[in-house]
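Undergrad: Pasting my_file13.txt here (compact mmCIF, C-alpha atoms and all ligand atoms):
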```txt
# COMPACT_ATOMS: atom_id res chain seq x y z
CA MET B 1382 8.07 -16.82 15.44
CA GLU B 1383 5.64 -18.45 13.00
CA GLU B 1384 6.47 -20.02 9.65
CA HIS B 1385 4.70 -20.01 6.27
CA VAL B 1386 2.07 -17.47 7.30
CA PRO B 1387 -0.26 -16.44 4.44
CA LEU B 1388 0.07 -12.75 3.65
CA ALA B 1389 -2.93 -12.34 1.30
CA ARG B 1390 -5.21 -11.61 4.24
CA LEU B 1391 -2.78 -8.95 5.45
CA THR B 1392 -3.05 -6.93 2.25
CA THR B 1393 -5.97 -4.83 1.01
CA ILE B 1394 -5.79 -6.32 -2.52
CA GLY B 1395 -5.99 -9.83 -1.00
CA THR B 1396 -3.37 -11.61 -3.13
CA GLY B 1397 0.07 -13.16 -2.57
CA GLY B 1398 1.73 -16.14 -0.91
CA PRO B 1399 3.17 -16.82 2.55
CA ALA B 1400 5.99 -15.34 4.58
CA ARG B 1401 8.82 -17.81 5.30
CA TRP B 1402 8.95 -16.41 8.87
CA PHE B 1403 6.48 -14.08 10.53
CA ALA B 1404 6.42 -12.24 13.88
CA ARG B 1405 4.26 -9.64 15.60
CA PRO B 1406 6.58 -7.75 17.99
CA GLU B 1407 4.64 -5.75 20.58
CA THR B 1408 7.43 -3.86 22.36
CA MET B 1409 10.75 -2.29 21.47
CA ASP B 1410 12.55 -5.15 23.26
CA GLU B 1411 10.66 -7.76 21.23
CA LEU B 1412 11.37 -5.84 18.01
CA GLU B 1413 15.11 -5.63 18.77
CA SER B 1414 15.15 -9.31 19.66
CA VAL B 1415 13.53 -10.48 16.37
CA LEU B 1416 15.85 -8.18 14.41
CA ARG B 1417 18.85 -9.75 16.18
CA TRP B 1418 17.48 -13.22 15.32
CA ALA B 1419 17.18 -12.21 11.66
CA ASP B 1420 20.70 -10.80 11.62
CA GLU B 1421 22.18 -13.94 13.23
CA ASN B 1422 20.27 -16.23 10.84
CA GLY B 1423 20.88 -14.17 7.68
CA ALA B 1424 17.14 -13.65 7.16
CA PRO B 1425 16.11 -10.50 5.24
CA VAL B 1426 13.50 -8.41 7.10
CA GLN B 1427 10.36 -6.86 5.63
CA VAL B 1428 7.52 -4.99 7.34
CA VAL B 1429 3.82 -5.07 6.62
CA GLY B 1430 1.62 -2.24 7.85
CA LEU B 1431 -2.01 -2.51 6.81
CA GLY B 1432 -0.84 -3.84 3.44
CA SER B 1433 -2.62 -0.99 1.66
CA ASN B 1434 0.15 -0.31 -0.83
CA LEU B 1435 1.56 -3.79 -1.19
CA LEU B 1436 1.76 -6.50 -3.83
CA VAL B 1437 3.15 -9.79 -2.53
CA HIS B 1438 4.58 -12.45 -4.87
CA ASP B 1439 2.20 -15.40 -5.32
CA ASP B 1440 4.95 -17.79 -4.20
CA GLY B 1441 5.49 -15.75 -1.05
CA VAL B 1442 8.45 -13.98 0.51
CA ASP B 1443 11.68 -15.64 1.63
CA ALA B 1444 12.13 -13.27 4.56
CA LEU B 1445 11.11 -12.54 8.11
CA VAL B 1446 7.97 -10.42 7.77
CA LEU B 1447 7.05 -8.24 10.75
CA LYS B 1448 3.70 -6.76 11.68
CA LEU B 1449 3.95 -4.32 14.57
CA ALA B 1450 1.36 -4.82 17.30
CA GLY B 1451 0.67 -3.94 20.97
CA GLU B 1452 2.63 -0.90 22.18
CA LEU B 1453 4.16 -0.57 18.72
CA ALA B 1454 0.66 -0.01 17.29
CA SER B 1455 -0.75 2.25 20.00
CA VAL B 1456 -1.27 6.03 19.96
CA ARG B 1457 -1.22 8.71 22.67
CA ALA B 1458 -1.33 12.49 22.78
CA ASP B 1459 1.40 14.35 24.65
CA GLY B 1460 0.39 18.03 24.64
CA GLU B 1461 0.23 19.05 20.99
CA VAL B 1462 2.29 16.05 19.90
CA LEU B 1463 0.69 12.80 18.77
CA VAL B 1464 2.93 9.81 19.46
CA ALA B 1465 1.99 6.85 17.25
CA GLY B 1466 3.51 3.38 17.17
CA GLY B 1467 4.78 2.49 13.71
CA GLY B 1468 1.98 -0.07 13.37
CA ALA B 1469 -0.81 2.30 14.45
CA ALA B 1470 -3.62 2.60 11.90
CA ASN B 1471 -4.17 6.15 10.66
CA ALA B 1472 -7.85 5.88 11.61
CA VAL B 1473 -6.80 5.24 15.23
CA SER B 1474 -4.36 8.17 15.16
CA LEU B 1475 -7.08 10.45 13.87
CA HIS B 1476 -9.48 9.21 16.54
CA ARG B 1477 -6.93 9.90 19.33
CA ALA B 1478 -6.07 13.31 17.86
CA ARG B 1479 -9.73 14.28 17.74
CA ALA B 1480 -10.31 13.10 21.32
CA ALA B 1481 -7.34 15.21 22.44
CA GLY B 1482 -8.63 18.28 20.53
CA LEU B 1483 -5.82 18.18 17.96
CA GLY B 1484 -6.20 18.89 14.25
CA GLY B 1485 -3.93 18.65 11.22
CA PHE B 1486 -4.06 14.88 10.67
CA GLU B 1487 -7.45 14.87 8.90
CA PHE B 1488 -5.82 14.56 5.46
CA ALA B 1489 -4.61 11.11 6.50
CA SER B 1490 -7.95 9.81 7.69
CA ALA B 1491 -8.79 8.23 4.35
CA ILE B 1492 -5.32 6.80 3.77
CA PRO B 1493 -5.90 3.23 4.96
CA GLY B 1494 -2.39 2.60 6.27
CA THR B 1495 -0.24 2.98 9.38
CA ALA B 1496 2.03 5.66 10.81
CA GLY B 1497 5.11 3.63 9.80
CA GLY B 1498 3.82 2.82 6.31
CA GLY B 1499 3.12 6.54 5.93
CA VAL B 1500 6.76 7.36 6.69
CA ARG B 1501 8.04 4.73 4.26
CA MET B 1502 5.78 6.12 1.51
CA ASN B 1503 5.65 9.78 2.65
CA ALA B 1504 1.94 9.25 2.22
CA GLY B 1505 -0.20 12.24 1.41
CA ALA B 1506 -3.49 13.55 0.14
CA TYR B 1507 -5.23 16.86 -0.50
CA GLY B 1508 -1.97 18.80 -0.67
CA ARG B 1509 -0.49 17.54 2.62
CA GLU B 1510 1.88 14.70 3.32
CA TRP B 1511 3.67 13.00 6.20
CA ARG B 1512 6.67 15.31 6.08
CA ASP B 1513 4.40 18.35 6.70
CA VAL B 1514 3.17 17.04 10.06
CA MET B 1515 5.96 14.76 11.21
CA ILE B 1516 8.50 15.76 13.83
CA ASP B 1517 10.57 12.59 13.69
CA ALA B 1518 10.48 8.80 13.60
CA VAL B 1519 12.29 6.12 15.58
CA VAL B 1520 13.88 3.75 13.06
CA VAL B 1521 15.21 0.40 14.25
CA ASP B 1522 17.43 -2.11 12.50
CA ALA B 1523 19.86 -4.84 13.49
CA HIS B 1524 22.33 -2.16 14.68
CA GLY B 1525 19.90 -0.41 17.06
CA ALA B 1526 17.49 2.53 17.12
CA ARG B 1527 17.91 6.05 15.73
CA THR B 1528 15.57 9.06 15.74
CA LEU B 1529 15.41 10.68 12.31
CA GLY B 1530 13.65 13.80 11.02
CA PRO B 1531 11.92 14.19 7.63
CA ASP B 1532 15.09 15.50 5.92
CA GLU B 1533 17.24 12.65 7.22
CA LEU B 1534 14.56 10.24 6.02
CA GLY B 1535 14.68 11.86 2.57
CA LEU B 1536 10.91 12.29 2.44
CA SER B 1537 9.65 13.50 -0.94
CA TYR B 1538 6.71 12.60 -3.19
CA ARG B 1539 5.79 9.01 -2.17
CA HIS B 1540 9.43 8.36 -1.36
CA SER B 1541 11.73 7.89 1.62
CA ASN B 1542 15.25 6.58 1.76
CA LEU B 1543 14.32 3.84 4.24
CA GLU B 1544 15.75 0.50 3.22
CA PRO B 1545 14.38 -3.03 3.68
CA GLY B 1546 15.23 -4.13 7.21
CA GLN B 1547 14.70 -0.64 8.65
CA VAL B 1548 11.59 -0.60 10.79
CA VAL B 1549 9.71 2.56 11.79
CA ALA B 1550 8.78 1.81 15.39
CA GLN B 1551 7.36 5.20 16.41
CA VAL B 1552 6.34 8.47 14.76
CA ARG B 1553 5.75 11.87 16.39
CA PHE B 1554 3.37 14.30 14.69
CA ARG B 1555 3.08 18.01 15.56
CA LEU B 1556 -0.62 18.92 15.49
CA VAL B 1557 -2.60 22.05 16.40
CA PRO B 1558 -5.34 22.62 18.98
CA THR B 1559 -8.66 22.22 17.17
CA LEU B 1560 -12.22 21.59 18.31
CA PRO B 1561 -13.09 17.86 18.05
CA GLU B 1562 -16.23 18.65 16.02
CA THR B 1563 -14.12 20.62 13.51
CA VAL B 1564 -11.75 17.66 13.13
CA LYS B 1565 -14.72 15.34 12.64
CA ALA B 1566 -16.36 17.59 10.03
CA ARG B 1567 -13.11 18.05 8.03
CA ALA B 1568 -12.40 14.31 8.01
CA ALA B 1569 -15.96 13.52 6.91
CA GLU B 1570 -15.75 16.05 4.08
CA LEU B 1571 -12.48 14.60 2.77
CA LEU B 1572 -13.83 11.05 3.01
CA ALA B 1573 -16.92 12.03 1.00
CA GLN B 1574 -14.72 13.60 -1.72
CA ARG B 1575 -12.73 10.39 -1.90
CA LYS B 1576 -15.74 8.12 -2.11
CA ALA B 1577 -17.00 10.17 -5.06
CA THR B 1578 -13.88 9.53 -7.16
CA GLN B 1579 -12.18 6.32 -5.98
CA PRO B 1580 -13.19 2.64 -5.68
CA THR B 1581 -13.09 2.75 -1.87
CA ASN B 1582 -15.42 -0.24 -1.50
CA LYS B 1583 -13.26 -2.58 -3.66
CA ARG B 1584 -10.11 -4.55 -2.90
CA THR B 1585 -7.23 -2.43 -4.27
CA PHE B 1586 -3.74 -1.34 -3.18
CA GLY B 1587 -4.36 2.37 -3.72
CA SER B 1588 -2.52 4.23 -6.47
CA VAL B 1589 -0.75 1.84 -8.82
CA PHE B 1590 1.64 4.41 -10.33
CA LYS B 1591 3.09 7.70 -9.14
CA ASN B 1592 1.90 10.78 -10.96
CA PRO B 1593 4.68 12.03 -13.22
CA GLY B 1594 5.26 15.74 -12.54
CA GLY B 1595 4.20 18.44 -14.95
CA GLY B 1596 1.69 16.62 -17.15
CA PRO B 1597 -1.50 14.63 -16.85
CA GLY B 1598 -1.80 12.21 -13.93
CA ALA B 1599 -1.18 8.47 -14.30
CA GLY B 1600 -4.92 7.72 -14.05
CA ARG B 1601 -5.78 10.20 -16.83
CA MET B 1602 -3.18 8.71 -19.20
CA ILE B 1603 -4.25 5.11 -18.50
CA GLU B 1604 -7.87 6.14 -19.08
CA ASP B 1605 -6.93 7.87 -22.35
CA CYS B 1606 -5.36 4.59 -23.49
CA GLY B 1607 -8.86 3.09 -23.23
CA LEU B 1608 -7.92 0.82 -20.36
CA LYS B 1609 -10.64 1.64 -17.81
CA GLY B 1610 -12.42 -1.64 -17.08
CA HIS B 1611 -9.69 -3.68 -18.84
CA ARG B 1612 -9.35 -7.11 -17.22
CA LEU B 1613 -6.55 -9.69 -17.07
CA GLY B 1614 -7.36 -12.85 -15.14
CA GLY B 1615 -9.01 -11.68 -11.91
CA ALA B 1616 -7.49 -8.18 -11.96
CA LEU B 1617 -9.35 -5.19 -13.34
CA ILE B 1618 -8.38 -1.59 -14.07
CA SER B 1619 -10.97 0.20 -11.98
CA PRO B 1620 -13.90 1.54 -14.00
CA ARG B 1621 -14.03 4.30 -11.36
CA HIS B 1622 -10.41 5.49 -11.39
CA ALA B 1623 -7.85 4.14 -13.87
CA ASN B 1624 -4.89 4.39 -11.47
CA PHE B 1625 -6.45 1.68 -9.29
CA ILE B 1626 -6.47 -2.08 -9.89
CA GLU B 1627 -9.37 -4.00 -8.38
CA ASN B 1628 -9.35 -7.62 -7.32
CA ALA B 1629 -12.47 -8.76 -9.16
CA GLY B 1630 -12.72 -11.92 -7.04
CA ASP B 1631 -9.98 -14.36 -7.89
CA ALA B 1632 -7.02 -12.17 -8.82
CA THR B 1633 -3.44 -13.28 -8.31
CA SER B 1634 -0.49 -10.95 -7.86
CA ALA B 1635 0.71 -12.18 -11.29
CA ASP B 1636 -2.58 -10.90 -12.80
CA CYS B 1637 -2.05 -7.49 -11.16
CA LEU B 1638 1.56 -7.33 -12.35
CA ALA B 1639 0.58 -8.28 -15.92
CA LEU B 1640 -2.09 -5.55 -15.91
CA MET B 1641 0.42 -3.02 -14.60
CA ALA B 1642 2.89 -4.02 -17.33
CA GLU B 1643 0.18 -3.60 -19.98
CA ALA B 1644 -0.86 -0.15 -18.69
CA ARG B 1645 2.75 0.96 -18.49
CA ARG B 1646 3.50 -0.26 -22.03
CA ARG B 1647 0.44 1.47 -23.50
CA VAL B 1648 1.19 4.78 -21.73
CA GLN B 1649 4.80 4.61 -22.91
CA GLU B 1650 3.65 4.05 -26.51
CA ARG B 1651 1.05 6.78 -26.49
CA PHE B 1652 2.59 9.48 -24.27
CA ALA B 1653 6.30 8.54 -24.24
CA VAL B 1654 6.08 8.59 -20.44
CA GLU B 1655 7.58 5.83 -18.33
CA LEU B 1656 5.33 5.29 -15.33
CA GLU B 1657 6.97 4.43 -12.03
CA HIS B 1658 5.05 2.13 -9.74
CA GLU B 1659 3.92 3.50 -6.36
CA VAL B 1660 2.74 0.14 -5.02
CA GLN B 1661 5.55 -1.64 -3.16
CA PHE B 1662 6.60 -5.18 -4.07
CA LEU B 1663 7.29 -7.91 -1.53
CA GLY B 1664 9.13 -10.91 -2.96
CA PRO B 1665 10.78 -11.21 -6.39
CA LEU B 1666 8.26 -9.15 -8.40
CA ARG B 1667 9.49 -6.90 -11.19
CA LEU B 1668 7.91 -4.97 -14.02
CA PRO B 1669 9.56 -5.55 -17.41
CA ALA B 1670 11.93 -2.72 -18.40
C1 LIG B 1701 -8.34 2.81 -1.11
C2 LIG B 1701 -6.92 3.30 -0.92
C3 LIG B 1701 -6.66 4.66 -0.95
C4 LIG B 1701 -5.36 5.13 -0.78
N1 LIG B 1701 -5.13 6.48 -0.82
C5 LIG B 1701 -3.89 6.96 -0.61
C6 LIG B 1701 -3.65 8.38 -0.62
O1 LIG B 1701 -4.54 9.19 -0.77
N2 LIG B 1701 -2.38 8.80 -0.41
C7 LIG B 1701 -1.35 7.93 -0.21
O2 LIG B 1701 -0.20 8.38 -0.03
N3 LIG B 1701 -1.55 6.59 -0.23
C8 LIG B 1701 -2.79 6.09 -0.40
N4 LIG B 1701 -3.01 4.73 -0.40
C9 LIG B 1701 -1.85 3.82 -0.28
C10 LIG B 1701 -1.48 3.44 1.16
O3 LIG B 1701 -2.62 3.51 2.00
C11 LIG B 1701 -0.36 4.31 1.73
O4 LIG B 1701 0.82 4.20 0.97
C12 LIG B 1701 -0.04 3.92 3.18
O5 LIG B 1701 0.79 4.88 3.76
C13 LIG B 1701 0.62 2.54 3.29
O6 LIG B 1701 0.64 2.21 4.65
P1 LIG B 1701 0.58 0.69 5.15
O7 LIG B 1701 0.78 0.71 6.59
O8 LIG B 1701 -0.64 0.02 4.64
O9 LIG B 1701 1.88 0.12 4.43
P2 LIG B 1701 2.01 -1.25 3.58
O10 LIG B 1701 1.15 -1.13 2.37
O11 LIG B 1701 1.79 -2.39 4.50
O12 LIG B 1701 3.51 -1.13 3.17
C14 LIG B 1701 3.93 -0.14 2.23
C15 LIG B 1701 5.46 -0.01 2.34
O13 LIG B 1701 5.78 0.51 3.62
C16 LIG B 1701 6.63 -0.38 4.32
N5 LIG B 1701 6.27 -0.31 5.73
C17 LIG B 1701 5.06 -0.48 6.29
N6 LIG B 1701 5.12 -0.30 7.62
C18 LIG B 1701 6.42 -0.02 7.90
C19 LIG B 1701 7.12 0.25 9.10
N7 LIG B 1701 6.55 0.29 10.30
N8 LIG B 1701 8.47 0.47 9.00
C20 LIG B 1701 9.09 0.45 7.82
N9 LIG B 1701 8.48 0.20 6.64
C21 LIG B 1701 7.14 -0.02 6.69
C22 LIG B 1701 6.38 -1.74 3.69
O14 LIG B 1701 7.47 -2.62 3.88
C23 LIG B 1701 6.17 -1.36 2.24
O15 LIG B 1701 7.41 -1.13 1.59
C24 LIG B 1701 -4.30 4.22 -0.57
C25 LIG B 1701 -4.56 2.85 -0.53
C26 LIG B 1701 -5.86 2.38 -0.69
C27 LIG B 1701 -6.12 0.91 -0.64
```
Do you think you could lay out the structure here as structure tokens?
TA:
Amino acid sequence: MEEHVPLARLTTIGTGGPARWFARPETMDELESVLRWADENGAPVQVVGLGSNLLVHDDGVDALVLKLAGELASVRADGEVLVAGGGAANAVSLHRARAAGLGGFEFASAIPGTAGGGVRMNAGAYGREWRDVMIDAVVVDAHGARTLGPDELGLSYRHSNLEPGQVVAQVRFRLVPTLPETVKARAAELLAQRKATQPTNKRTFGSVFKNPGGGPGAGRMIEDCGLKGHRLGGALISPRHANFIENAGDATSADCLALMAEARRRVQERFAVELEHEVQFLGPLRLPA
């Protein structure tokens, strides 16, 4: 167990303070043991995947923060099932799937997160999401491990009913036999589409807000408020896609939050729509009501 570990380097936006306690469990036994420690010491538990949808408070997080590693971040194919540790990067899962001649996970190749982060967020792109390909997930907390399916996890648009302290240790995906070159070509095509529309070469945390159903997307509304390129401190509304915030070099999480609050206020005024944030907060961060 380490103390006061900086989290900024564990997030894609590159902001935020330290974790009070930090551990990298590599096996189920190690995970259960750190969760027991947290329970006995009254420490709240949080998990970081690849930090690709995370904003961490600048003063840090008064919790035990876990980053799954080793076995809990590895991937193997078992027939047509891909078994991924909760901490496995999607890029690694896609690589293993391709090598095993399995398709169906290509949509996730450009989502720069992990199998477990994908469950928490029901991540998705190009009309497919985790719940479409997931069989089940092993969820561990201080009371032990349970295997839960997509319905039990309440997976819907960028939502699950997982609570802080519940750790996704393993995910099983049902894929379909596909030629490796077909998998490679599909993934490359989707990646090219993404590079054409999103700031993939900047430090961001992905979509800032969820798209409200039925009307224009969050990015379109923020753009129509004239906010593309708007800067507060070191944080910038992406000139490429208005539902992304870029770290322009020296951003703090407070800068990002202030920019989010401004975008939300302007969209509310102009469209009478209350945007809900997609990015997850670690530490006492809150948008004004
Ligand atoms: C350039 C870019 C493009 C993106 N495009 C997309 C997209 O197309 N579609 C999409 O859905 N998202 C997208 N994202 C957002 C992000 O990649 C996804 O939400 C991803 O699933 C988050 O995974 P992560 O492992 O990085 O989770 P983190 O960002 O580290 O964490 C996100 C949440 O999941 C929780 N969590 C992480 N791991 C676990 C675990 N093992 N057990 C329990 N809880 C866990 C965290 O506590 C936190 O609440 C994008 C992000 C970037 C930077």
Undergrad: Using only C-alpha atoms and all ligand atoms, which of B:Val1462, B:Leu1571, B:Ile1492, B:Leu1483 sits nearest ligand LIG 1701 (chain B)?
TA: B:Ile1492
Undergrad: Hey, which bits of chain B sit within 6 Å of ligand LIG 1701 (chain B), and for each residue what's the closest pair of atoms and how far apart in Å (one decimal), counting only C-alpha atoms and all ligand atoms, rows by chain and increasing number, as a Markdown table?
TA:
```
| residue | atom | partner | partner_atom | distance |
| --- | --- | --- | --- | --- |
| B:Thr1393 | CA | B:LIG1701 | C27 | 6.0 |
| B:Gln1427 | CA | B:LIG1701 | O14 | 5.4 |
| B:Val1428 | CA | B:LIG1701 | O14 | 4.2 |
| B:Val1429 | CA | B:LIG1701 | O11 | 4.0 |
| B:Gly1430 | CA | B:LIG1701 | O7 | 3.3 |
| B:Leu1431 | CA | B:LIG1701 | O8 | 3.6 |
| B:Gly1432 | CA | B:LIG1701 | O11 | 3.2 |
| B:Ser1433 | CA | B:LIG1701 | O8 | 3.7 |
| B:Asn1434 | CA | B:LIG1701 | O10 | 3.5 |
| B:Leu1435 | CA | B:LIG1701 | O10 | 4.5 |
| B:Gly1467 | CA | B:LIG1701 | N7 | 4.4 |
| B:Gly1468 | CA | B:LIG1701 | N7 | 5.5 |
| B:Ile1492 | CA | B:LIG1701 | N1 | 4.6 |
| B:Pro1493 | CA | B:LIG1701 | O3 | 4.4 |
| B:Gly1494 | CA | B:LIG1701 | O6 | 3.5 |
| B:Thr1495 | CA | B:LIG1701 | O7 | 3.7 |
| B:Gly1497 | CA | B:LIG1701 | N7 | 3.7 |
| B:Gly1498 | CA | B:LIG1701 | C17 | 3.5 |
| B:Gly1499 | CA | B:LIG1701 | O5 | 3.6 |
| B:Arg1501 | CA | B:LIG1701 | O13 | 4.8 |
| B:Met1502 | CA | B:LIG1701 | O4 | 5.3 |
| B:Ala1504 | CA | B:LIG1701 | O2 | 3.2 |
| B:Gly1505 | CA | B:LIG1701 | O2 | 4.1 |
| B:Ala1506 | CA | B:LIG1701 | O1 | 4.6 |
| B:Gln1547 | CA | B:LIG1701 | C20 | 5.8 |
| B:Val1548 | CA | B:LIG1701 | N8 | 3.8 |
| B:Val1549 | CA | B:LIG1701 | N8 | 3.7 |
| B:Ala1550 | CA | B:LIG1701 | N7 | 5.8 |
| B:Thr1581 | CA | B:LIG1701 | C1 | 4.8 |
| B:Thr1585 | CA | B:LIG1701 | C27 | 5.1 |
| B:Phe1586 | CA | B:LIG1701 | C27 | 4.1 |
| B:Gly1587 | CA | B:LIG1701 | C25 | 3.2 |
| B:Gln1661 | CA | B:LIG1701 | O15 | 5.1 |
```
Undergrad: Keeping only C-alpha atoms, write the selected residues to a file as a compact mmCIF listing (two decimals), in the coordinates of the input.
TA:
```txt
# COMPACT_ATOMS: atom_id res chain seq x y z
CA THR B 1393 -5.97 -4.83 1.01
CA GLN B 1427 10.36 -6.86 5.63
CA VAL B 1428 7.52 -4.99 7.34
CA VAL B 1429 3.82 -5.07 6.62
CA GLY B 1430 1.62 -2.24 7.85
CA LEU B 1431 -2.01 -2.51 6.81
CA GLY B 1432 -0.84 -3.84 3.44
CA SER B 1433 -2.62 -0.99 1.66
CA ASN B 1434 0.15 -0.31 -0.83
CA LEU B 1435 1.56 -3.79 -1.19
CA GLY B 1467 4.78 2.49 13.71
CA GLY B 1468 1.98 -0.07 13.37
CA ILE B 1492 -5.32 6.80 3.77
CA PRO B 1493 -5.90 3.23 4.96
CA GLY B 1494 -2.39 2.60 6.27
CA THR B 1495 -0.24 2.98 9.38
CA GLY B 1497 5.11 3.63 9.80
CA GLY B 1498 3.82 2.82 6.31
CA GLY B 1499 3.12 6.54 5.93
CA ARG B 1501 8.04 4.73 4.26
CA MET B 1502 5.78 6.12 1.51
CA ALA B 1504 1.94 9.25 2.22
CA GLY B 1505 -0.20 12.24 1.41
CA ALA B 1506 -3.49 13.55 0.14
CA GLN B 1547 14.70 -0.64 8.65
CA VAL B 1548 11.59 -0.60 10.79
CA VAL B 1549 9.71 2.56 11.79
CA ALA B 1550 8.78 1.81 15.39
CA THR B 1581 -13.09 2.75 -1.87
CA THR B 1585 -7.23 -2.43 -4.27
CA PHE B 1586 -3.74 -1.34 -3.18
CA GLY B 1587 -4.36 2.37 -3.72
CA GLN B 1661 5.55 -1.64 -3.16
```
Undergrad: Smallest atom-to-atom distance to Ala1653 of chain B: which of B:Ala1616, B:Leu1416, B:Met1602, B:Ala1469, using only C-alpha atoms?
TA: B:Met1602
Undergrad: If you count only C-alpha atoms, which residues fall within 9 Å of segment 1514-1527 of chain B, apart from same-chain ones fewer than 2 positions away, as number ranges by chain?
TA: B: 1409, 1412-1420, 1462, 1467, 1485-1486, 1497, 1500, 1509-1512, 1529-1531, 1534, 1543, 1546-1556
Undergrad: Give one line per residue of segment 1432-1549 of chain B that approaches segment 1630-1643 of chain B to at most 8 Å, naming the two atoms of the closest pair and their distance in Å to one decimal, counting all atoms listed in the file; sort by chain then ascending residue number and deliver it as a Markdown table.
TA:
```
| residue | atom | partner | partner_atom | distance |
| --- | --- | --- | --- | --- |
| B:Leu1436 | CA | B:Ser1634 | CA | 6.4 |
| B:Val1437 | CA | B:Ser1634 | CA | 6.6 |
| B:His1438 | CA | B:Ser1634 | CA | 6.1 |
| B:Asp1439 | CA | B:Ser1634 | CA | 5.8 |
```
Undergrad: Would you kindly return, as a list in words, each protein, DNA or RNA residue with an atom no farther than 12 Å from any atom of Arg1567 of chain B, considering only C-alpha atoms and excluding same-chain residues fewer than 6 positions away?
TA: Leu1475, Arg1479, Gly1484, Gly1485, Phe1486, Glu1487, Phe1488, Ala1489, Ser1490, Ala1491, Tyr1507, Thr1559, Leu1560, Pro1561, Ala1573 and Gln1574 of chain B
Undergrad: Between atom CA of Phe1590 of chain B and atom CA of Tyr1538 of chain B, what is the spacing in Å?
TA: 12.0 Å
Undergrad: Of the candidates B:Glu1655, B:Arg1621, B:Pro1597, B:Met1382, which shows the shortest atom-to-atom distance to Ala1670 of chain B, using all atoms listed in the file?
TA: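 So, comparing all the options, the nearest one is B:Glu1655.
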Undergrad: Smallest atom-to-atom distance to Leu1666 of chain B: which of B:Val1442, B:Ala1496, B:Ala1400, B:Val1648, using only C-alpha atoms?
TA: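 With only C-alpha atoms as the atom set, the closest residue is B:Val1442.
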Undergrad: With all atoms listed in the file as the basis for distance, which of B:Val1654, B:Val1386, B:Ala1470, B:Leu1391 is at the shortest distance from Ala1404 of chain B?
TA: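 Once distances to Ala1404 of chain B are computed over all atoms listed in the file, the minimum belongs to B:Val1386.
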Undergrad: With all atoms listed in the file as the atoms that count, which of B:Thr1578, B:Ala1623, B:Gly1615, B:Gly1398 lies nearest to Gly1598 of chain B?
TA: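 Selected residue with least distance to Gly1598 of chain B: B:Ala1623.
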Undergrad: Could you name the residues that touch Gly1441 of chain B at 8 Å or less, counting only C-alpha atoms, but leaving out those on the same chain fewer than 6 positions away, as a list in words?
TA: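 My reading of the contact set: Pro1387, Leu1388, Gly1397, Gly1398, Pro1399, Ala1400, Arg1401 and Gly1664 of chain B.
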